[in-house]
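See below for upload02.tsv, which holds TSV, C-alpha atoms.
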```tsv
chain	number	residue	atom	x	y	z
N	27	MET	CA	68.35	10.14	-11.77
N	28	ASN	CA	65.29	8.03	-12.38
N	29	HIS	CA	64.72	7.57	-8.65
N	30	PRO	CA	62.62	10.71	-8.15
N	31	ILE	CA	60.32	9.69	-11.04
N	32	ILE	CA	59.94	6.13	-9.76
N	33	LEU	CA	59.31	7.38	-6.25
N	34	SER	CA	56.73	9.83	-7.56
N	35	LEU	CA	54.95	7.08	-9.52
N	36	VAL	CA	54.95	4.80	-6.46
N	37	GLY	CA	53.57	7.68	-4.39
N	38	VAL	CA	50.78	8.37	-6.90
N	39	TRP	CA	49.92	4.65	-7.06
N	40	LEU	CA	49.77	4.41	-3.26
N	41	PHE	CA	47.58	7.53	-3.07
N	42	LEU	CA	45.16	6.35	-5.78
N	43	SER	CA	44.86	2.81	-4.42
N	44	GLY	CA	44.27	4.20	-0.91
N	45	THR	CA	41.55	6.52	-2.21
N	46	ALA	CA	39.89	3.68	-4.12
N	47	ARG	CA	40.01	1.44	-1.03
N	48	ALA	CA	38.52	4.23	1.10
N	49	ALA	CA	35.69	4.66	-1.41
N	50	ASN	CA	34.99	0.93	-1.36
N	51	ASP	CA	35.00	0.86	2.45
N	52	ARG	CA	32.64	3.83	2.73
N	53	ALA	CA	28.93	3.10	3.03
N	54	MET	CA	27.23	4.62	0.01
N	55	THR	CA	23.76	6.17	0.09
N	56	VAL	CA	21.45	5.27	-2.78
N	57	LYS	CA	18.58	7.67	-3.44
N	58	THR	CA	15.71	6.52	-5.67
N	59	THR	CA	13.01	8.96	-6.73
N	60	VAL	CA	9.63	7.25	-6.98
N	61	ASP	CA	6.28	8.32	-8.49
N	62	GLY	CA	2.95	7.27	-6.96
N	63	MET	CA	4.30	6.85	-3.43
N	64	VAL	CA	1.64	8.87	-1.59
N	65	CYS	CA	0.55	6.42	1.11
N	66	SER	CA	2.78	5.01	3.85
N	67	PHE	CA	0.53	1.96	4.37
N	68	CYS	CA	1.04	0.98	0.72
N	69	ALA	CA	4.82	1.49	0.85
N	70	GLN	CA	5.40	-0.80	3.84
N	71	GLY	CA	6.56	-3.63	1.58
N	72	ILE	CA	9.45	-1.54	0.22
N	73	VAL	CA	10.94	-0.97	3.67
N	74	ALA	CA	10.32	-4.56	4.79
N	75	HIS	CA	12.06	-5.93	1.66
N	76	PHE	CA	15.16	-3.71	1.66
N	77	LYS	CA	15.65	-4.05	5.44
N	78	LYS	CA	16.18	-7.77	4.86
N	79	HIS	CA	18.56	-7.27	1.90
N	80	PRO	CA	22.10	-8.46	2.74
N	81	ALA	CA	23.75	-5.41	1.08
N	82	VAL	CA	21.56	-2.82	2.84
N	83	SER	CA	22.10	-1.55	6.37
N	84	ASN	CA	19.46	1.18	6.54
N	85	VAL	CA	16.24	2.17	4.73
N	86	HIS	CA	14.19	5.34	4.81
N	87	VAL	CA	11.10	6.43	2.85
N	88	ASP	CA	10.46	10.16	2.51
N	89	LEU	CA	6.98	10.80	1.12
N	90	THR	CA	7.53	14.56	0.81
N	91	ARG	CA	10.66	14.22	-1.33
N	92	LYS	CA	9.20	11.07	-2.97
N	93	VAL	CA	12.40	9.14	-2.37
N	94	VAL	CA	13.55	5.79	-1.02
N	95	LEU	CA	16.97	6.02	0.64
N	96	LEU	CA	19.16	2.95	1.07
N	97	GLU	CA	22.44	2.78	2.93
N	98	GLU	CA	24.72	0.14	1.46
N	99	LYS	CA	26.80	-1.92	3.86
N	100	LYS	CA	30.56	-1.30	3.68
N	101	GLY	CA	32.03	-3.37	0.87
N	102	ALA	CA	28.58	-4.47	-0.36
N	103	SER	CA	26.44	-3.17	-3.20
N	104	ILE	CA	22.89	-3.40	-4.49
N	105	SER	CA	22.41	-2.80	-8.21
N	106	ASP	CA	20.23	-0.06	-9.68
N	107	LYS	CA	18.35	-2.77	-11.59
N	108	GLU	CA	17.53	-4.70	-8.45
N	109	ILE	CA	16.26	-1.55	-6.74
N	110	THR	CA	14.08	-0.39	-9.64
N	111	GLU	CA	12.70	-3.86	-10.31
N	112	PHE	CA	11.58	-4.32	-6.71
N	113	ILE	CA	10.00	-0.84	-6.54
N	114	LYS	CA	8.10	-1.61	-9.75
N	115	LYS	CA	7.04	-4.97	-8.30
N	116	SER	CA	5.72	-3.10	-5.25
N	117	GLY	CA	3.43	-1.11	-7.54
N	118	PHE	CA	5.30	2.19	-7.83
N	119	GLU	CA	7.24	3.89	-10.61
N	120	PRO	CA	10.98	4.43	-10.00
N	121	LYS	CA	12.21	7.50	-11.90
N	122	LYS	CA	15.87	8.02	-11.00
N	123	VAL	CA	18.57	6.23	-8.98
N	124	GLU	CA	21.46	8.30	-7.62
N	125	ARG	CA	24.51	7.13	-5.66
N	126	LEU	CA	25.64	9.76	-3.21
N	127	PRO	CA	28.94	9.98	-1.32
N	128	ASP	CA	27.21	11.69	1.63
N	129	SER	CA	26.26	9.72	4.71
N	130	PHE	CA	22.80	8.16	4.95
N	131	GLU	CA	21.91	10.34	7.96
N	132	LYS	CA	23.02	13.50	6.15
N	133	VAL	CA	20.93	12.71	3.03
N	134	LYS	CA	17.98	11.71	5.23
N	135	ALA	CA	18.18	15.01	7.15
N	136	ASP	CA	18.65	17.14	4.03
N	137	LYS	CA	15.04	17.96	3.22
N	138	LYS	CA	16.01	20.00	0.14
N	139	SER	CA	17.79	17.25	-1.78
J	139	MET	CA	-9.43	-7.08	6.37
J	140	LEU	CA	-12.09	-7.48	9.04
J	141	GLY	CA	-15.00	-5.13	9.61
J	142	GLY	CA	-18.19	-3.55	8.33
J	143	THR	CA	-21.25	-1.78	9.61
J	144	ASP	CA	-24.13	-2.99	11.73
J	145	THR	CA	-25.90	-4.27	8.59
J	146	VAL	CA	-23.04	-5.44	6.34
J	147	GLN	CA	-20.10	-7.32	7.83
J	148	ASN	CA	-17.00	-8.32	5.91
J	149	PHE	CA	-14.06	-10.62	6.38
J	150	GLU	CA	-11.38	-10.69	3.68
J	151	LEU	CA	-7.99	-12.39	3.66
J	152	TYR	CA	-5.80	-12.20	0.55
J	153	ASN	CA	-2.37	-13.20	-0.62
J	154	SER	CA	-0.95	-10.88	-3.29
J	155	TYR	CA	0.98	-13.45	-5.28
J	156	THR	CA	1.98	-10.96	-7.98
J	157	PRO	CA	1.94	-7.13	-7.89
J	158	LYS	CA	-1.33	-7.16	-9.84
J	159	THR	CA	-3.15	-10.22	-8.54
J	160	ALA	CA	-4.45	-11.43	-5.19
J	161	PHE	CA	-6.27	-14.58	-4.19
J	162	GLY	CA	-8.11	-15.22	-0.97
J	163	VAL	CA	-11.34	-15.75	0.91
J	164	HIS	CA	-14.23	-13.35	1.37
J	165	ALA	CA	-17.16	-13.73	3.76
J	166	MET	CA	-20.08	-11.30	4.05
J	167	ARG	CA	-23.17	-11.06	6.22
J	168	PHE	CA	-26.19	-8.87	5.43
J	169	GLU	CA	-28.35	-8.41	8.49
J	170	ASP	CA	-31.36	-6.28	9.33
J	171	GLU	CA	-34.72	-6.80	11.00
J	172	ARG	CA	-36.09	-8.69	7.96
J	173	ASP	CA	-33.10	-10.61	6.62
J	174	ASP	CA	-29.97	-12.41	7.66
J	175	ASP	CA	-28.01	-13.48	4.55
J	176	TYR	CA	-24.54	-14.99	4.38
J	177	TYR	CA	-22.00	-15.35	1.58
J	178	THR	CA	-18.66	-17.18	1.81
J	179	GLY	CA	-16.32	-17.82	-1.10
J	180	VAL	CA	-12.91	-17.70	-2.66
J	181	GLN	CA	-12.02	-14.59	-4.62
J	182	HIS	CA	-9.51	-13.46	-7.18
J	183	ASN	CA	-8.74	-9.75	-7.54
J	184	TRP	CA	-6.90	-8.03	-10.37
J	185	LEU	CA	-5.33	-4.61	-10.47
J	186	LEU	CA	-6.52	-3.55	-13.92
J	187	HIS	CA	-4.54	-0.35	-14.08
J	188	ARG	CA	-2.49	1.91	-11.85
J	189	TRP	CA	-1.53	5.51	-12.54
J	190	ASN	CA	1.63	6.46	-10.66
J	191	LEU	CA	1.87	10.25	-10.78
J	192	PRO	CA	4.44	12.44	-9.00
J	193	GLU	CA	1.88	13.61	-6.40
J	194	ALA	CA	-0.92	11.05	-6.72
J	195	GLN	CA	-1.93	7.49	-7.42
J	196	GLY	CA	-5.05	6.12	-9.10
J	197	ASN	CA	-6.17	2.49	-9.35
J	198	LEU	CA	-8.77	0.31	-11.03
J	199	TYR	CA	-9.51	-3.12	-9.52
J	200	PHE	CA	-11.76	-5.96	-10.55
J	201	GLY	CA	-12.60	-9.14	-8.66
J	202	LEU	CA	-14.55	-12.35	-9.13
J	203	GLY	CA	-15.58	-14.80	-6.46
J	204	ALA	CA	-17.32	-18.16	-6.19
J	205	GLY	CA	-18.80	-19.73	-3.10
J	206	ALA	CA	-22.08	-20.31	-1.33
J	207	ALA	CA	-24.80	-18.04	0.01
J	208	LYS	CA	-27.77	-18.69	2.24
J	209	GLU	CA	-30.81	-16.86	3.45
J	210	ASP	CA	-31.76	-17.11	7.09
J	211	GLY	CA	-33.36	-20.51	7.62
J	212	GLN	CA	-32.62	-21.76	4.09
J	213	SER	CA	-29.92	-24.14	2.90
J	214	ALA	CA	-26.80	-22.80	1.19
J	215	ALA	CA	-26.75	-22.51	-2.60
J	216	PRO	CA	-23.89	-21.83	-5.06
J	217	ALA	CA	-23.20	-18.11	-5.35
J	218	GLY	CA	-20.97	-15.70	-7.23
J	219	LEU	CA	-19.45	-12.33	-6.40
J	220	GLY	CA	-18.40	-9.47	-8.66
J	221	PHE	CA	-16.34	-6.53	-7.46
J	222	PHE	CA	-15.13	-3.28	-8.98
J	223	ARG	CA	-13.18	-0.46	-7.38
J	224	ALA	CA	-11.70	2.82	-8.58
J	225	ASP	CA	-9.71	5.12	-6.33
J	226	TYR	CA	-7.56	8.21	-6.53
J	227	GLU	CA	-5.49	9.72	-3.77
J	228	THR	CA	-2.90	12.33	-3.06
J	229	ARG	CA	-1.36	12.88	0.36
J	230	ARG	CA	-4.27	15.21	1.23
J	231	ILE	CA	-7.28	14.00	-0.80
J	232	TYR	CA	-8.86	10.56	-1.10
J	233	THR	CA	-11.73	9.42	-3.32
J	234	ALA	CA	-13.02	5.92	-3.98
J	235	PHE	CA	-15.92	4.21	-5.71
J	236	GLU	CA	-16.62	0.56	-4.98
J	237	SER	CA	-19.33	-1.84	-6.02
J	238	LYS	CA	-19.82	-5.48	-4.97
J	239	PHE	CA	-22.54	-7.81	-6.11
J	240	VAL	CA	-23.41	-11.14	-4.52
J	241	GLY	CA	-25.91	-13.37	-6.28
J	242	SER	CA	-27.34	-16.84	-5.77
J	243	GLU	CA	-30.70	-18.55	-6.21
J	244	ASP	CA	-32.03	-16.95	-3.01
J	245	VAL	CA	-29.70	-14.07	-2.26
J	246	SER	CA	-29.12	-10.97	-4.35
J	247	ARG	CA	-27.23	-8.09	-2.78
J	248	ALA	CA	-25.32	-5.15	-4.19
J	249	VAL	CA	-23.18	-2.88	-2.02
J	250	THR	CA	-22.10	0.37	-3.65
J	251	SER	CA	-20.08	3.02	-1.88
J	252	LEU	CA	-18.58	6.37	-2.66
J	253	SER	CA	-15.98	7.90	-0.34
J	254	PHE	CA	-14.39	11.34	-0.07
J	255	GLY	CA	-11.64	12.06	2.41
J	256	VAL	CA	-9.15	14.67	3.47
J	257	ALA	CA	-5.98	14.35	5.52
J	258	PRO	CA	-5.70	17.18	8.04
J	259	TYR	CA	-1.91	17.01	7.77
J	260	LYS	CA	0.65	15.37	5.49
J	261	ALA	CA	2.01	12.51	7.54
J	262	GLU	CA	5.48	11.16	6.89
J	263	PHE	CA	6.20	7.48	6.50
J	264	GLU	CA	6.83	6.69	10.18
J	265	GLU	CA	4.08	8.96	11.52
J	266	LEU	CA	0.45	8.25	12.35
J	267	ASN	CA	-1.63	8.96	9.22
J	268	THR	CA	-5.09	10.41	9.83
J	269	TRP	CA	-7.91	10.71	7.32
J	270	LEU	CA	-11.40	12.17	7.79
J	271	ILE	CA	-13.72	10.45	5.34
J	272	VAL	CA	-17.41	10.53	4.45
J	273	GLN	CA	-18.69	7.28	2.95
J	274	LEU	CA	-22.03	7.03	1.15
J	275	GLU	CA	-23.10	3.39	1.06
J	276	HIS	CA	-26.08	1.87	-0.68
J	277	VAL	CA	-27.05	-1.73	0.06
J	278	SER	CA	-29.80	-3.12	-2.13
J	279	GLY	CA	-32.66	-4.82	-0.36
J	280	MET	CA	-31.90	-3.54	3.13
J	281	GLU	CA	-34.34	-1.52	5.24
J	282	ASP	CA	-32.13	1.57	5.39
J	283	ASP	CA	-30.56	1.17	2.01
J	284	LEU	CA	-28.55	4.39	1.94
J	285	ASP	CA	-26.11	5.13	4.75
J	286	ILE	CA	-24.03	8.25	5.21
J	287	ILE	CA	-21.05	7.26	7.31
J	288	PRO	CA	-18.52	9.79	8.59
J	289	LYS	CA	-15.40	7.90	9.64
J	290	ILE	CA	-11.84	8.39	10.79
J	291	ARG	CA	-9.07	6.33	9.19
J	292	LEU	CA	-5.82	5.83	11.09
J	293	PHE	CA	-2.77	3.92	9.94
J	294	LYS	CA	0.75	3.53	11.09
J	295	GLY	CA	3.27	0.90	10.04
J	296	PRO	CA	1.42	-2.25	8.92
J	297	TYR	CA	-1.74	-1.46	10.94
J	298	PHE	CA	-4.87	0.19	9.56
J	299	LEU	CA	-8.02	1.06	11.53
J	300	GLU	CA	-11.26	2.77	10.50
J	301	LEU	CA	-13.90	3.84	12.98
J	302	GLY	CA	-17.18	5.43	11.96
J	303	CYS	CA	-20.84	5.78	12.71
J	304	SER	CA	-23.67	6.22	10.24
J	305	LEU	CA	-26.10	9.11	10.65
J	306	ASP	CA	-28.61	6.45	11.78
J	307	GLY	CA	-26.28	5.48	14.61
J	308	ASP	CA	-24.88	2.23	13.16
J	309	PRO	CA	-21.20	1.77	14.02
J	310	LEU	CA	-18.51	0.92	11.46
J	311	VAL	CA	-15.19	-0.73	12.22
J	312	ASN	CA	-12.55	-1.87	9.70
J	313	PHE	CA	-9.18	-3.34	10.60
J	314	MET	CA	-6.43	-4.35	8.21
J	315	ILE	CA	-2.88	-5.57	8.64
J	316	HIS	CA	-0.06	-6.12	6.12
J	317	PHE	CA	1.80	-9.37	6.74
```
Written as structure tokens, that's how I'd like the structure from this file.
Amino acid sequence: MNHPIILSLVGVWLFLSGTARAANDRAMTVKTTVDGMVCSFCAQGIVAHFKKHPAVSNVHVDLTRKVVLLEEKKGASISDKEITEFIKKSGFEPKKVERLPDSFEKVKADKKS
Amino acid sequence: MLGGTDTVQNFELYNSYTPKTAFGVHAMRFEDERDDDYYTGVQHNWLLHRWNLPEAQGNLYFGLGAGAAKEDGQSAAPAGLGFFRADYETRRIYTAFESKFVGSEDVSRAVTSLSFGVAPYKAEFEELNTWLIVQLEHVSGMEDDLDIIPKIRLFKGPYFLELGCSLDGDPLVNFMIHF
């Protein structure tokens, strides 16, 4: 009589753990909105730094949207604090960090976001 | 940075060891039909303040240098340099005021410039950035002490190039690279 309940619980556990694993394996896109970033020559250091970061696989600066996009490597993560501290160190003002489930290329191409 | 006009030539090499400080070397040559003065020294620059706005950035810089200067045919004497710069830019408008003073027992030069520029298009990060700029430059003690210099500024990636020509026909070239 308890078998259906146990089986259901096992099924739910398998589903949730699979979803969590899939989320961990997916490359996250981190979008940071930055004030003062009006000149590409001055923002070169941001790209050079994050390209070398072991948790980052891709970097893009969009001057129109005033954002720095980072693609995290699968299973790796870069903290919000590390991102904002380096952007401040580069001379700009980070305003907001968002972690998006969409792919890096999709966020990069979406000029409205 | 390497460059200058026919009458004032500049070589500057700095290491930004914090976001607000840079240390390096600065060499200048002031040359016209009467004079040929040199200055070489070490220099420390400070970013006094930066305004990071959503669509613009403004900066105030200050620098001090110490080295040696010499007049043509004279021996070198201890010299100092003072530098101040204020700039404001958006992605379409650029303005800057800069003043440098070099002084020694024999040499006394002040270079003051005012620049206004416009970008004909808003370039994205990976694209070639183009600026059309007019620079008014006053150099104390030179024969033609006020120059009006239209110039084009181009930069892409870590490379920066300015090409111009004063209304008197003196060329201007500036080149800069981010290491």
**OP:** Could you give me, as a VMD selection string, the residues within 6 Å of Val249 of chain J, counting all atoms listed in the file and dropping anything in the same chain fewer than 5 positions from it?
**Re:** chain J and resid 237 to 238 276 to 277
Original post:
What is the atom CA of Phe161 of chain J to atom CA of Met314 of chain J distance in Å?
Top reply: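 If I compute the distance from atom CA of Phe161 of chain J to atom CA of Met314 of chain J, I get 16.1 Å.
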Write out, as a tab-separated table, each residue of chain N that has an atom at most 9 Å from chain J, together with the closest pair of atoms and their distance in Å to one decimal, counting only C-alpha atoms, rows going by chain and rising number.
```
residue	atom	partner	partner_atom	distance
N:Val60	CA	J:Pro192	CA	7.6
N:Asp61	CA	J:Pro192	CA	4.5
N:Gly62	CA	J:Asn190	CA	4.0
N:Met63	CA	J:Gln195	CA	7.4
N:Val64	CA	J:Arg229	CA	5.4
N:Cys65	CA	J:Arg229	CA	6.8
N:Ser66	CA	J:Phe263	CA	5.0
N:Phe67	CA	J:Pro296	CA	6.3
N:Cys68	CA	J:Pro296	CA	8.8
N:Ala69	CA	J:Phe263	CA	8.3
N:Gln70	CA	J:Pro296	CA	6.6
N:Gly71	CA	J:His316	CA	8.4
N:His86	CA	J:Phe263	CA	8.4
N:Val87	CA	J:Phe263	CA	6.2
N:Asp88	CA	J:Phe263	CA	6.4
N:Leu89	CA	J:Glu262	CA	6.0
N:Thr90	CA	J:Glu262	CA	7.3
N:Lys92	CA	J:Pro192	CA	7.8
N:Lys114	CA	J:Pro157	CA	8.5
N:Lys115	CA	J:Pro157	CA	5.6
N:Ser116	CA	J:Pro157	CA	6.1
N:Gly117	CA	J:Pro157	CA	6.2
N:Phe118	CA	J:Asn190	CA	6.3
N:Glu119	CA	J:Asn190	CA	6.2
```
Create the file for the chosen residues now, containing C-alpha atoms and written as a compact mmCIF listing (two decimals), keeping the file's coordinate frame.
```txt
# COMPACT_ATOMS: atom_id res chain seq x y z
CA VAL N 60 9.63 7.25 -6.98
CA ASP N 61 6.28 8.32 -8.49
CA GLY N 62 2.95 7.27 -6.96
CA MET N 63 4.30 6.85 -3.43
CA VAL N 64 1.64 8.87 -1.59
CA CYS N 65 0.55 6.42 1.11
CA SER N 66 2.78 5.01 3.85
CA PHE N 67 0.53 1.96 4.37
CA CYS N 68 1.04 0.98 0.72
CA ALA N 69 4.82 1.49 0.85
CA GLN N 70 5.40 -0.80 3.84
CA GLY N 71 6.56 -3.63 1.58
CA HIS N 86 14.19 5.34 4.81
CA VAL N 87 11.10 6.43 2.85
CA ASP N 88 10.46 10.16 2.51
CA LEU N 89 6.98 10.80 1.12
CA THR N 90 7.53 14.56 0.81
CA LYS N 92 9.20 11.07 -2.97
CA LYS N 114 8.10 -1.61 -9.75
CA LYS N 115 7.04 -4.97 -8.30
CA SER N 116 5.72 -3.10 -5.25
CA GLY N 117 3.43 -1.11 -7.54
CA PHE N 118 5.30 2.19 -7.83
CA GLU N 119 7.24 3.89 -10.61
```
**OP:** Name the residues in contact with segment 127-139 of chain N at a cut-off of 7 Å, using only C-alpha atoms, excluding same-chain residues fewer than 6 positions from it; report them as a ChimeraX atom specification.
**Re:** /N:54-55,97
**OP:** List the neighbours of segment 77-84 of chain N out to 8 Å using all atoms listed in the file; skip same-chain residues closer than 5 positions along the sequence, and give me the result as a list in words.
**Re:** Leu96, Glu97, Glu98, Lys99, Ala102, Ser103, Ile104 and Phe130 of chain N
Subject >> Cut-off 6 Å around (-9.4, 0.1, -11.0) with all atoms listed in the file: residues as a PyMOL selection string >> reply: chain J and resi 186-187+197-199+223-224
**OP:** Quick one: pull the distance between atom CA of Ile290 of chain J and atom CA of Gly220 of chain J, Å, one decimal.
**Re:** 27.2 Å
Size and centre in Å, one decimal, axis-aligned box, all listed segment 302-317 of chain J atoms plus 4 Å per side, as lines of an AutoDock Vina configuration file:
```
center_x = -13.4
center_y = -0.1
center_z = 10.4
size_x = 38.4
size_y = 26.5
size_z = 16.5
```
**OP:** Within 12 Å of (-27.6, -17.5, -5.1) (coordinates as in the file), grab all the protein and nucleic acid residues, counting all atoms listed in the file, and write them out as a PyMOL selection string.
**Re:** chain J and resi 175-179+204-209+212-219+239-247
Original post:
atom CA of Ala248 of chain J and atom CA of Gly162 of chain J, how far apart in Å?
Top reply: 20.2 Å
Subject >> From J:Ala234, J:Leu202, J:Val146, J:Val256, residue lying nearest Asn312 of chain J [all atoms listed in the file] >> reply: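 Of J:Ala234, J:Leu202, J:Val146, J:Val256, the one nearest Asn312 of chain J is J:Val146, counting all atoms listed in the file.
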Subject >> Nearest to Glu169 of chain J, chosen from J:Gly302, J:Pro258, J:Gly279, J:Pro309, with all atoms listed in the file counted in the distances >> reply: J:Gly279
Model the absent atoms of segment 55-78 of chain N so that N, CA and C atoms are present, and write the result as a PDB file, keeping the file's coordinate frame.
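Just written: part.pdb:
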```pdb
ATOM      1  N   THR N  55      25.202   5.931  -0.049  1.00  0.00           N
ATOM      2  CA  THR N  55      23.760   6.170   0.090  1.00  0.00           C
ATOM      3  C   THR N  55      23.144   6.165  -1.307  1.00  0.00           C
ATOM      4  N   VAL N  56      22.106   5.362  -1.475  1.00  0.00           N
ATOM      5  CA  VAL N  56      21.450   5.270  -2.780  1.00  0.00           C
ATOM      6  C   VAL N  56      20.074   5.926  -2.662  1.00  0.00           C
ATOM      7  N   LYS N  57      19.849   6.924  -3.486  1.00  0.00           N
ATOM      8  CA  LYS N  57      18.580   7.670  -3.440  1.00  0.00           C
ATOM      9  C   LYS N  57      17.783   7.366  -4.709  1.00  0.00           C
ATOM     10  N   THR N  58      16.573   6.835  -4.526  1.00  0.00           N
ATOM     11  CA  THR N  58      15.710   6.520  -5.670  1.00  0.00           C
ATOM     12  C   THR N  58      14.457   7.379  -5.613  1.00  0.00           C
ATOM     13  N   THR N  59      14.221   8.139  -6.649  1.00  0.00           N
ATOM     14  CA  THR N  59      13.010   8.960  -6.730  1.00  0.00           C
ATOM     15  C   THR N  59      11.885   8.104  -7.303  1.00  0.00           C
ATOM     16  N   VAL N  60      10.724   8.165  -6.642  1.00  0.00           N
ATOM     17  CA  VAL N  60       9.630   7.250  -6.980  1.00  0.00           C
ATOM     18  C   VAL N  60       8.322   8.024  -7.177  1.00  0.00           C
ATOM     19  N   ASP N  61       7.615   7.732  -8.257  1.00  0.00           N
ATOM     20  CA  ASP N  61       6.280   8.320  -8.490  1.00  0.00           C
ATOM     21  C   ASP N  61       5.199   7.412  -7.907  1.00  0.00           C
ATOM     22  N   GLY N  62       4.103   8.025  -7.448  1.00  0.00           N
ATOM     23  CA  GLY N  62       2.950   7.270  -6.960  1.00  0.00           C
ATOM     24  C   GLY N  62       3.034   6.898  -5.491  1.00  0.00           C
ATOM     25  N   MET N  63       4.115   7.258  -4.829  1.00  0.00           N
ATOM     26  CA  MET N  63       4.300   6.850  -3.430  1.00  0.00           C
ATOM     27  C   MET N  63       3.676   7.916  -2.516  1.00  0.00           C
ATOM     28  N   VAL N  64       2.344   7.846  -2.364  1.00  0.00           N
ATOM     29  CA  VAL N  64       1.640   8.870  -1.590  1.00  0.00           C
ATOM     30  C   VAL N  64       1.090   8.331  -0.282  1.00  0.00           C
ATOM     31  N   CYS N  65       1.200   7.028  -0.050  1.00  0.00           N
ATOM     32  CA  CYS N  65       0.550   6.420   1.110  1.00  0.00           C
ATOM     33  C   CYS N  65       1.548   5.520   1.835  1.00  0.00           C
ATOM     34  N   SER N  66       1.774   5.793   3.124  1.00  0.00           N
ATOM     35  CA  SER N  66       2.780   5.010   3.850  1.00  0.00           C
ATOM     36  C   SER N  66       2.336   3.565   4.057  1.00  0.00           C
ATOM     37  N   PHE N  67       1.029   3.332   4.173  1.00  0.00           N
ATOM     38  CA  PHE N  67       0.530   1.960   4.370  1.00  0.00           C
ATOM     39  C   PHE N  67       0.863   1.099   3.140  1.00  0.00           C
ATOM     40  N   CYS N  68       0.785   1.723   1.955  1.00  0.00           N
ATOM     41  CA  CYS N  68       1.040   0.980   0.720  1.00  0.00           C
ATOM     42  C   CYS N  68       2.532   0.763   0.473  1.00  0.00           C
ATOM     43  N   ALA N  69       3.374   1.594   1.091  1.00  0.00           N
ATOM     44  CA  ALA N  69       4.820   1.490   0.850  1.00  0.00           C
ATOM     45  C   ALA N  69       5.540   0.648   1.898  1.00  0.00           C
ATOM     46  N   GLN N  70       4.780   0.010   2.780  1.00  0.00           N
ATOM     47  CA  GLN N  70       5.400  -0.800   3.840  1.00  0.00           C
ATOM     48  C   GLN N  70       6.283  -1.908   3.272  1.00  0.00           C
ATOM     49  N   GLY N  71       5.830  -2.501   2.161  1.00  0.00           N
ATOM     50  CA  GLY N  71       6.560  -3.630   1.580  1.00  0.00           C
ATOM     51  C   GLY N  71       7.965  -3.245   1.132  1.00  0.00           C
ATOM     52  N   ILE N  72       8.141  -1.994   0.696  1.00  0.00           N
ATOM     53  CA  ILE N  72       9.450  -1.540   0.220  1.00  0.00           C
ATOM     54  C   ILE N  72      10.453  -1.578   1.377  1.00  0.00           C
ATOM     55  N   VAL N  73      10.041  -1.011   2.509  1.00  0.00           N
ATOM     56  CA  VAL N  73      10.940  -0.970   3.670  1.00  0.00           C
ATOM     57  C   VAL N  73      11.216  -2.386   4.169  1.00  0.00           C
ATOM     58  N   ALA N  74      10.154  -3.186   4.270  1.00  0.00           N
ATOM     59  CA  ALA N  74      10.320  -4.560   4.790  1.00  0.00           C
ATOM     60  C   ALA N  74      11.294  -5.350   3.905  1.00  0.00           C
ATOM     61  N   HIS N  75      11.200  -5.170   2.583  1.00  0.00           N
ATOM     62  CA  HIS N  75      12.060  -5.930   1.660  1.00  0.00           C
ATOM     63  C   HIS N  75      13.523  -5.490   1.771  1.00  0.00           C
ATOM     64  N   PHE N  76      13.766  -4.170   1.681  1.00  0.00           N
ATOM     65  CA  PHE N  76      15.160  -3.710   1.660  1.00  0.00           C
ATOM     66  C   PHE N  76      15.833  -3.860   3.028  1.00  0.00           C
ATOM     67  N   LYS N  77      15.060  -3.837   4.116  1.00  0.00           N
ATOM     68  CA  LYS N  77      15.650  -4.050   5.440  1.00  0.00           C
ATOM     69  C   LYS N  77      16.275  -5.442   5.543  1.00  0.00           C
ATOM     70  N   LYS N  78      15.679  -6.389   4.803  1.00  0.00           N
ATOM     71  CA  LYS N  78      16.180  -7.770   4.860  1.00  0.00           C
ATOM     72  C   LYS N  78      17.292  -8.023   3.846  1.00  0.00           C
TER      73      LYS N  78
END
```
